[in-house]
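This is entry.pdb (PDB, C-alpha atoms, pLDDT in the B column).
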ATOM      1  CA  MET A  24      11.277  -5.691   9.288  1.00 89.00           C
ATOM      2  CA  PHE A  25      10.861  -1.946   9.735  1.00 95.00           C
ATOM      3  CA  ARG A  26       8.301  -0.487  12.141  1.00 96.00           C
ATOM      4  CA  LEU A  27       7.910   2.816  13.938  1.00 96.00           C
ATOM      5  CA  GLN A  28       8.418   2.622  17.708  1.00 95.00           C
ATOM      6  CA  ASP A  29       6.930   6.089  17.657  1.00 93.00           C
ATOM      7  CA  SER A  30       7.044   8.880  15.111  1.00 95.00           C
ATOM      8  CA  LYS A  31      10.712   9.638  15.861  1.00 97.00           C
ATOM      9  CA  VAL A  32      12.216   6.183  16.507  1.00 97.00           C
ATOM     10  CA  LEU A  33      12.617   3.388  13.950  1.00 97.00           C
ATOM     11  CA  ALA A  34      12.724  -0.226  15.170  1.00 97.00           C
ATOM     12  CA  VAL A  35      14.294  -2.802  12.850  1.00 96.00           C
ATOM     13  CA  GLU A  36      13.871  -6.495  13.621  1.00 95.00           C
ATOM     14  CA  MET A  37      16.702  -8.591  12.166  1.00 94.00           C
ATOM     15  CA  THR A  38      17.143 -12.340  11.851  1.00 93.00           C
ATOM     16  CA  GLY A  39      20.668 -12.536  10.472  1.00 92.00           C
ATOM     17  CA  ASP A  40      20.087  -9.996   7.705  1.00 90.00           C
ATOM     18  CA  ALA A  41      21.550  -6.510   7.360  1.00 92.00           C
ATOM     19  CA  VAL A  42      20.377  -2.928   7.254  1.00 94.00           C
ATOM     20  CA  LYS A  43      22.177   0.211   6.091  1.00 92.00           C
ATOM     21  CA  ALA A  44      21.684   3.342   8.154  1.00 93.00           C
ATOM     22  CA  LYS A  45      23.039   6.845   8.618  1.00 91.00           C
ATOM     23  CA  ASN A  46      26.216   6.683  10.670  1.00 88.00           C
ATOM     24  CA  GLY A  47      25.570   7.483  14.320  1.00 88.00           C
ATOM     25  CA  SER A  48      21.796   7.003  14.085  1.00 93.00           C
ATOM     26  CA  MET A  49      21.646   3.792  16.160  1.00 93.00           C
ATOM     27  CA  VAL A  50      20.341   4.695  19.635  1.00 95.00           C
ATOM     28  CA  ALA A  51      19.839   1.207  21.164  1.00 96.00           C
ATOM     29  CA  TYR A  52      19.819  -2.501  20.337  1.00 96.00           C
ATOM     30  CA  ASP A  53      19.246  -5.890  21.883  1.00 96.00           C
ATOM     31  CA  GLY A  54      20.590  -9.231  20.695  1.00 94.00           C
ATOM     32  CA  GLN A  55      23.825  -9.829  18.794  1.00 95.00           C
ATOM     33  CA  MET A  56      24.803  -7.117  16.324  1.00 94.00           C
ATOM     34  CA  ALA A  57      27.866  -6.344  14.216  1.00 93.00           C
ATOM     35  CA  PHE A  58      28.558  -2.841  12.916  1.00 91.00           C
ATOM     36  CA  LYS A  59      30.622  -1.836   9.877  1.00 88.00           C
ATOM     37  CA  LYS A  60      31.255   1.630   8.467  1.00 82.00           C
ATOM     38  CA  LEU A  61      30.643   1.991   4.728  1.00 76.00           C
ATOM     39  CA  SER A  62      32.249   4.662   2.538  1.00 59.00           C
ATOM     40  CA  GLY A  63      30.264   6.980   0.301  1.00 49.00           C
ATOM     41  CA  GLY A  64      26.562   7.593  -0.109  1.00 46.00           C
ATOM     42  CA  GLY A  65      26.163   5.163  -2.987  1.00 49.00           C
ATOM     43  CA  GLU A  66      27.381   1.673  -3.652  1.00 50.00           C
ATOM     44  CA  GLY A  67      30.681   1.075  -5.367  1.00 49.00           C
ATOM     45  CA  LEU A  68      33.327   3.414  -6.732  1.00 47.00           C
ATOM     46  CA  ARG A  69      30.900   5.682  -8.595  1.00 49.00           C
ATOM     47  CA  GLY A  70      29.015   6.543  -5.433  1.00 50.00           C
ATOM     48  CA  MET A  71      32.237   7.353  -3.614  1.00 48.00           C
ATOM     49  CA  VAL A  72      33.596   9.491  -6.432  1.00 48.00           C
ATOM     50  CA  THR A  73      30.437  11.514  -7.001  1.00 48.00           C
ATOM     51  CA  ARG A  74      30.082  12.273  -3.317  1.00 49.00           C
ATOM     52  CA  ARG A  75      33.692  13.399  -3.145  1.00 48.00           C
ATOM     53  CA  LEU A  76      33.413  15.593  -6.218  1.00 46.00           C
ATOM     54  CA  THR A  77      30.292  17.364  -4.988  1.00 46.00           C
ATOM     55  CA  GLY A  78      31.377  17.639  -1.372  1.00 45.00           C
ATOM     56  CA  GLU A  79      28.143  15.977  -0.262  1.00 49.00           C
ATOM     57  CA  GLN A  80      29.004  13.843   2.733  1.00 54.00           C
ATOM     58  CA  MET A  81      26.877  10.824   3.590  1.00 62.00           C
ATOM     59  CA  THR A  82      28.502   8.345   5.958  1.00 75.00           C
ATOM     60  CA  VAL A  83      26.673   5.032   6.130  1.00 83.00           C
ATOM     61  CA  MET A  84      26.996   2.062   8.467  1.00 88.00           C
ATOM     62  CA  GLU A  85      25.885  -1.533   8.019  1.00 91.00           C
ATOM     63  CA  VAL A  86      24.247  -3.320  10.932  1.00 93.00           C
ATOM     64  CA  LYS A  87      23.893  -7.105  10.782  1.00 94.00           C
ATOM     65  CA  GLY A  88      22.736  -9.624  13.334  1.00 94.00           C
ATOM     66  CA  HIS A  89      19.866 -11.075  15.328  1.00 96.00           C
ATOM     67  CA  GLY A  90      17.656  -8.879  17.466  1.00 96.00           C
ATOM     68  CA  ILE A  91      16.196  -5.395  17.337  1.00 97.00           C
ATOM     69  CA  CYS A  92      17.974  -2.120  16.547  1.00 96.00           C
ATOM     70  CA  TRP A  93      16.477   1.282  17.192  1.00 97.00           C
ATOM     71  CA  PHE A  94      17.434   4.281  15.047  1.00 97.00           C
ATOM     72  CA  ALA A  95      16.735   8.011  15.347  1.00 97.00           C
ATOM     73  CA  ASP A  96      18.179  11.238  13.955  1.00 95.00           C
ATOM     74  CA  ARG A  97      18.013  14.449  16.025  1.00 92.00           C
ATOM     75  CA  ALA A  98      14.359  13.872  16.960  1.00 94.00           C
ATOM     76  CA  SER A  99      13.293  14.136  13.303  1.00 95.00           C
ATOM     77  CA  GLU A 100      10.012  12.592  12.210  1.00 96.00           C
ATOM     78  CA  ILE A 101      10.460   9.224  10.476  1.00 97.00           C
ATOM     79  CA  ASN A 102       8.462   8.063   7.472  1.00 96.00           C
ATOM     80  CA  LEU A 103       8.415   4.524   6.042  1.00 96.00           C
ATOM     81  CA  VAL A 104       8.410   4.083   2.263  1.00 95.00           C
ATOM     82  CA  GLY A 105       7.752   0.704   0.674  1.00 94.00           C
ATOM     83  CA  LEU A 106       9.323   0.060  -2.723  1.00 94.00           C
ATOM     84  CA  GLN A 107       8.156  -2.626  -5.150  1.00 93.00           C
ATOM     85  CA  GLY A 108      10.873  -2.483  -7.777  1.00 92.00           C
ATOM     86  CA  ASP A 109      10.553   1.271  -8.216  1.00 92.00           C
ATOM     87  CA  LYS A 110      13.005   4.044  -7.370  1.00 94.00           C
ATOM     88  CA  LEU A 111      12.964   6.643  -4.618  1.00 95.00           C
ATOM     89  CA  TYR A 112      14.867   9.923  -4.990  1.00 93.00           C
ATOM     90  CA  VAL A 113      15.759  11.431  -1.609  1.00 92.00           C
ATOM     91  CA  GLU A 114      18.038  14.116  -0.214  1.00 88.00           C
ATOM     92  CA  SER A 115      20.976  12.340   1.434  1.00 84.00           C
ATOM     93  CA  SER A 116      20.437  14.223   4.691  1.00 86.00           C
ATOM     94  CA  ASN A 117      16.877  12.817   4.845  1.00 92.00           C
ATOM     95  CA  LEU A 118      17.740   9.144   4.313  1.00 93.00           C
ATOM     96  CA  LEU A 119      17.856   7.286   7.636  1.00 95.00           C
ATOM     97  CA  ALA A 120      17.928   3.587   6.756  1.00 95.00           C
ATOM     98  CA  THR A 121      17.318   0.988   4.027  1.00 94.00           C
ATOM     99  CA  ASP A 122      16.889  -2.737   4.307  1.00 90.00           C
ATOM    100  CA  ALA A 123      19.044  -5.353   2.618  1.00 82.00           C
ATOM    101  CA  GLY A 124      16.738  -5.701  -0.376  1.00 83.00           C
ATOM    102  CA  LEU A 125      17.372  -2.164  -1.605  1.00 91.00           C
ATOM    103  CA  ARG A 126      20.237  -0.677  -3.617  1.00 89.00           C
ATOM    104  CA  THR A 127      21.477   2.860  -3.079  1.00 86.00           C
ATOM    105  CA  GLY A 128      23.238   5.102  -5.559  1.00 83.00           C
ATOM    106  CA  THR A 129      23.396   8.659  -6.825  1.00 79.00           C
ATOM    107  CA  THR A 130      21.820  10.532  -9.692  1.00 78.00           C
ATOM    108  CA  PHE A 131      22.591  13.907 -11.249  1.00 71.00           C
ATOM    109  CA  THR A 132      20.001  16.557 -10.403  1.00 66.00           C
ATOM    110  CA  GLY A 133      21.620  19.669 -11.823  1.00 58.00           C
ATOM    111  CA  LEU A 134      20.355  23.046 -10.768  1.00 49.00           C
ATOM    112  CA  ARG A 135      18.303  22.017  -7.732  1.00 45.00           C
ATOM    113  CA  GLY A 136      21.303  20.556  -5.955  1.00 43.00           C
ATOM    114  CA  ALA A 137      23.422  23.569  -6.829  1.00 42.00           C
ATOM    115  CA  SER A 138      20.797  26.020  -5.646  1.00 43.00           C
ATOM    116  CA  GLN A 139      20.521  24.274  -2.283  1.00 47.00           C
ATOM    117  CA  GLY A 140      24.232  24.011  -1.726  1.00 44.00           C
ATOM    118  CA  ASN A 141      23.873  20.242  -1.261  1.00 43.00           C
ATOM    119  CA  GLY A 142      25.874  19.172  -4.305  1.00 41.00           C
ATOM    120  CA  LEU A 143      24.741  18.158  -7.787  1.00 52.00           C
ATOM    121  CA  PHE A 144      23.671  14.627  -6.893  1.00 67.00           C
ATOM    122  CA  THR A 145      20.669  13.159  -5.093  1.00 80.00           C
ATOM    123  CA  THR A 146      20.605   9.742  -3.454  1.00 86.00           C
ATOM    124  CA  THR A 147      18.551   7.006  -5.137  1.00 90.00           C
ATOM    125  CA  VAL A 148      17.060   3.939  -3.474  1.00 93.00           C
ATOM    126  CA  GLU A 149      15.597   1.159  -5.597  1.00 94.00           C
ATOM    127  CA  GLY A 150      14.482  -2.461  -5.460  1.00 94.00           C
ATOM    128  CA  HIS A 151      12.065  -4.347  -3.237  1.00 95.00           C
ATOM    129  CA  GLY A 152      11.949  -3.445   0.440  1.00 94.00           C
ATOM    130  CA  GLN A 153      11.533  -0.620   2.912  1.00 95.00           C
ATOM    131  CA  ALA A 154      13.334   2.673   3.406  1.00 96.00           C
ATOM    132  CA  ALA A 155      13.054   5.130   6.274  1.00 97.00           C
ATOM    133  CA  ILE A 156      13.304   8.838   5.515  1.00 96.00           C
ATOM    134  CA  THR A 157      13.294  11.728   7.959  1.00 96.00           C
ATOM    135  CA  SER A 158      11.615  15.112   7.890  1.00 95.00           C
ATOM    136  CA  ASP A 159      11.602  18.237  10.039  1.00 94.00           C
ATOM    137  CA  GLY A 160       8.046  17.846  11.274  1.00 93.00           C
ATOM    138  CA  PRO A 161       5.536  15.292   9.943  1.00 93.00           C
ATOM    139  CA  ALA A 162       6.071  14.737   6.218  1.00 94.00           C
ATOM    140  CA  VAL A 163       3.284  15.618   3.825  1.00 95.00           C
ATOM    141  CA  VAL A 164       2.846  13.312   0.814  1.00 96.00           C
ATOM    142  CA  LEU A 165       1.468  15.108  -2.248  1.00 97.00           C
ATOM    143  CA  ARG A 166       0.130  13.356  -5.328  1.00 97.00           C
ATOM    144  CA  VAL A 167       1.179  14.565  -8.774  1.00 97.00           C
ATOM    145  CA  THR A 168      -0.939  13.677 -11.817  1.00 96.00           C
ATOM    146  CA  PRO A 169      -0.695  14.728 -15.463  1.00 95.00           C
ATOM    147  CA  GLN A 170      -3.577  17.139 -14.832  1.00 96.00           C
ATOM    148  CA  TYR A 171      -2.114  18.552 -11.633  1.00 95.00           C
ATOM    149  CA  PRO A 172       1.640  19.325 -11.658  1.00 95.00           C
ATOM    150  CA  LEU A 173       3.271  20.423  -8.420  1.00 95.00           C
ATOM    151  CA  THR A 174       5.724  23.220  -7.585  1.00 92.00           C
ATOM    152  CA  VAL A 175       7.842  22.865  -4.430  1.00 90.00           C
ATOM    153  CA  ASP A 176      10.243  25.094  -2.527  1.00 86.00           C
ATOM    154  CA  PRO A 177      13.699  23.424  -2.559  1.00 82.00           C
ATOM    155  CA  GLY A 178      14.083  23.884   1.189  1.00 84.00           C
ATOM    156  CA  ALA A 179      10.908  21.883   1.875  1.00 90.00           C
ATOM    157  CA  TYR A 180      11.629  19.054  -0.577  1.00 91.00           C
ATOM    158  CA  VAL A 181      12.470  15.666   0.960  1.00 93.00           C
ATOM    159  CA  ALA A 182      11.937  12.958  -1.665  1.00 95.00           C
ATOM    160  CA  HIS A 183       9.886  11.782  -4.621  1.00 95.00           C
ATOM    161  CA  GLN A 184       8.977   8.568  -6.413  1.00 95.00           C
ATOM    162  CA  GLY A 185       7.051   7.512  -9.491  1.00 94.00           C
ATOM    163  CA  ASN A 186       7.111   8.583 -13.115  1.00 93.00           C
ATOM    164  CA  LEU A 187       7.922  12.232 -12.527  1.00 94.00           C
ATOM    165  CA  ARG A 188       9.849  14.806 -14.523  1.00 90.00           C
ATOM    166  CA  GLN A 189      11.677  17.603 -12.736  1.00 86.00           C
ATOM    167  CA  SER A 190      12.270  21.098 -14.001  1.00 82.00           C
ATOM    168  CA  PHE A 191      13.503  24.256 -12.338  1.00 77.00           C
ATOM    169  CA  GLN A 192      11.949  27.665 -12.628  1.00 75.00           C
ATOM    170  CA  ALA A 193      12.558  31.097 -11.246  1.00 71.00           C
ATOM    171  CA  GLY A 194      10.102  31.866  -8.510  1.00 62.00           C
ATOM    172  CA  VAL A 195       9.513  33.491  -5.176  1.00 61.00           C
ATOM    173  CA  THR A 196      10.232  31.982  -1.765  1.00 57.00           C
ATOM    174  CA  PHE A 197       8.948  33.193   1.575  1.00 55.00           C
ATOM    175  CA  ARG A 198      12.414  34.434   2.467  1.00 56.00           C
ATOM    176  CA  THR A 199      12.532  36.492  -0.695  1.00 55.00           C
ATOM    177  CA  LEU A 200       9.214  38.131   0.171  1.00 56.00           C
ATOM    178  CA  ILE A 201      10.375  39.160   3.655  1.00 53.00           C
ATOM    179  CA  GLY A 202      13.645  40.474   2.337  1.00 50.00           C
ATOM    180  CA  GLU A 203      15.983  37.739   3.595  1.00 53.00           C
ATOM    181  CA  GLY A 204      16.687  36.121   0.252  1.00 50.00           C
ATOM    182  CA  GLY A 205      19.834  36.889  -1.656  1.00 45.00           C
ATOM    183  CA  GLY A 206      19.729  36.672  -5.418  1.00 45.00           C
ATOM    184  CA  GLU A 207      17.186  34.895  -7.602  1.00 44.00           C
ATOM    185  CA  ALA A 208      15.043  32.143  -6.078  1.00 66.00           C
ATOM    186  CA  PHE A 209      14.255  28.834  -7.776  1.00 73.00           C
ATOM    187  CA  GLN A 210      11.455  26.334  -7.387  1.00 81.00           C
ATOM    188  CA  ILE A 211      11.166  22.668  -8.342  1.00 86.00           C
ATOM    189  CA  ARG A 212       8.322  21.711 -10.685  1.00 89.00           C
ATOM    190  CA  PHE A 213       7.143  18.092 -10.900  1.00 94.00           C
ATOM    191  CA  GLU A 214       5.067  16.776 -13.793  1.00 96.00           C
ATOM    192  CA  GLY A 215       3.799  13.274 -14.502  1.00 96.00           C
ATOM    193  CA  ASP A 216       2.427  10.661 -12.113  1.00 97.00           C
ATOM    194  CA  GLY A 217       3.916  10.063  -8.683  1.00 96.00           C
ATOM    195  CA  LEU A 218       4.378  11.185  -5.089  1.00 96.00           C
ATOM    196  CA  VAL A 219       6.380  14.050  -3.600  1.00 97.00           C
ATOM    197  CA  TYR A 220       7.357  14.166   0.079  1.00 97.00           C
ATOM    198  CA  ILE A 221       7.764  17.592   1.634  1.00 95.00           C
ATOM    199  CA  GLN A 222       8.465  18.774   5.180  1.00 94.00           C
ATOM    200  CA  PRO A 223       6.543  21.571   6.914  1.00 91.00           C
ATOM    201  CA  SER A 224       9.694  23.632   7.452  1.00 80.00           C
ATOM    202  CA  GLU A 225      12.635  24.654   5.314  1.00 71.00           C
ATOM    203  CA  ARG A 226      16.000  23.056   6.000  1.00 61.00           C
ATOM    204  CA  ASN A 227      18.734  25.432   7.087  1.00 52.00           C
ATOM    205  CA  THR A 228      20.088  26.269   3.630  1.00 46.00           C
ATOM    206  CA  ILE A 229      19.859  29.224   1.296  1.00 40.00           C
ATOM    207  CA  ALA A 230      16.425  27.832   0.296  1.00 39.00           C
ATOM    208  CA  GLY A 231      16.978  27.859  -3.415  1.00 40.00           C
ATOM    209  CA  ASP A 232      18.461  31.349  -3.615  1.00 37.00           C
ATOM    210  CA  VAL A 233      21.346  31.580  -6.089  1.00 33.00           C
TER     211      VAL A 233
END
Translate the structure described by the file into structure tokens.
Amino acid sequence: MFRLQDSKVLAVEMTGDAVKAKNGSMVAYDGQMAFKKLSGGGEGLRGMVTRRLTGEQMTVMEVKGHGICWFADRASEINLVGLQGDKLYVESSNLLATDAGLRTGTTFTGLRGASQGNGLFTTTVEGHGQAAITSDGPAVVLRVTPQYPLTVDPGAYVAHQGNLRQSFQAGVTFRTLIGEGGGEAFQIRFEGDGLVYIQPSERNTIAGDV
């Protein structure tokens, strides 16, 4: 069971089941716990190979036992996402933990990953259960409908779910306007029906400048 101890600490109550979490994110626990390091950001050989090819590192640990574990990641805000058989797409650096009922993998994202310097693959989480994602500041959840598409700066993007189509378009970022951008900037456009999670600050990347 996932619950927020506060906005920056995740508490997971376990009764013999397991949870997967970002390596090094466990800050405290009580009870009897066993820890195991897992290789790759996705499950199986494909996840390991794609991470290695793209240079995107995501070290995951499995925690199993009875008791409560507390997780945090550099004082980032934590957001709980419940999945009911659907799929969540999330930047690997923003995925904190998933419960045992969820499967993780990777999916090809093309230009967006390349423009951010985070590799060509994004982490996927699917199944029935809860996931915890982090954001730099409180995450904002924006609804996308067929009538109202959404355009997002790559540096602010955290995750999305639902029946959404992604496309990439040349655009202008704040850094470009103030003269700090180098090259052409790109934005992510979402169309369809679903939710997009953004953070109120850009991650420390080239913010979509190619």
- Message: Taking the file as I've supplied it (selection: the PyMOL selection byres ((chain A and resi 122) around 9)), which residues are included? Please answer as a ChimeraX atom specification.
- Response: /A:24-25,35,40-44,120-121,123-126,152-155
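A straight line drawn from atom CA of A:Asn46 to atom CA of A:Gly217 is 29.7 Å long.
With atom CA of A:Gln222 on one side and atom CA of A:Val164 on the other, the separation reads 9.0 Å.
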- Message: For a quick check of understanding, using all atoms listed in the file, which of A:Leu103, A:Val219, A:Met56, A:Ala98 has the smallest distance to A:Asp176?
- Response: A:Val219
Neighbour list for A:His89 as a PDB file with C-alpha atoms, keeping the file's coordinate frame, cut-off 8 Å, only C-alpha atoms, skip fewer than 5 positions in-chain:
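Dumped everything to selection.pdb:
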ATOM      1  CA  GLU A  36      13.871  -6.495  13.621  1.00 95.00           C
ATOM      2  CA  MET A  37      16.702  -8.591  12.166  1.00 94.00           C
ATOM      3  CA  THR A  38      17.143 -12.340  11.851  1.00 93.00           C
ATOM      4  CA  GLY A  39      20.668 -12.536  10.472  1.00 92.00           C
ATOM      5  CA  ASP A  40      20.087  -9.996   7.705  1.00 90.00           C
ATOM      6  CA  GLY A  54      20.590  -9.231  20.695  1.00 94.00           C
ATOM      7  CA  GLN A  55      23.825  -9.829  18.794  1.00 95.00           C
ATOM      8  CA  MET A  56      24.803  -7.117  16.324  1.00 94.00           C
TER       9      MET A  56
END
- Query: Quick one: residues within 8 Å of A:Asp109, only C-alpha atoms counted, chain neighbours fewer than 4 positions away excluded, as a PyMOL selection string?
  - Reply: chain A and resi 149-151+184-185
- Task: Go through the shown structure with the PyMOL selection byres ((chain A and resi 29) around 12) and write out the matching residues as number ranges by chain.
- Result: A: 25-28, 30-34, 93-95, 98-103
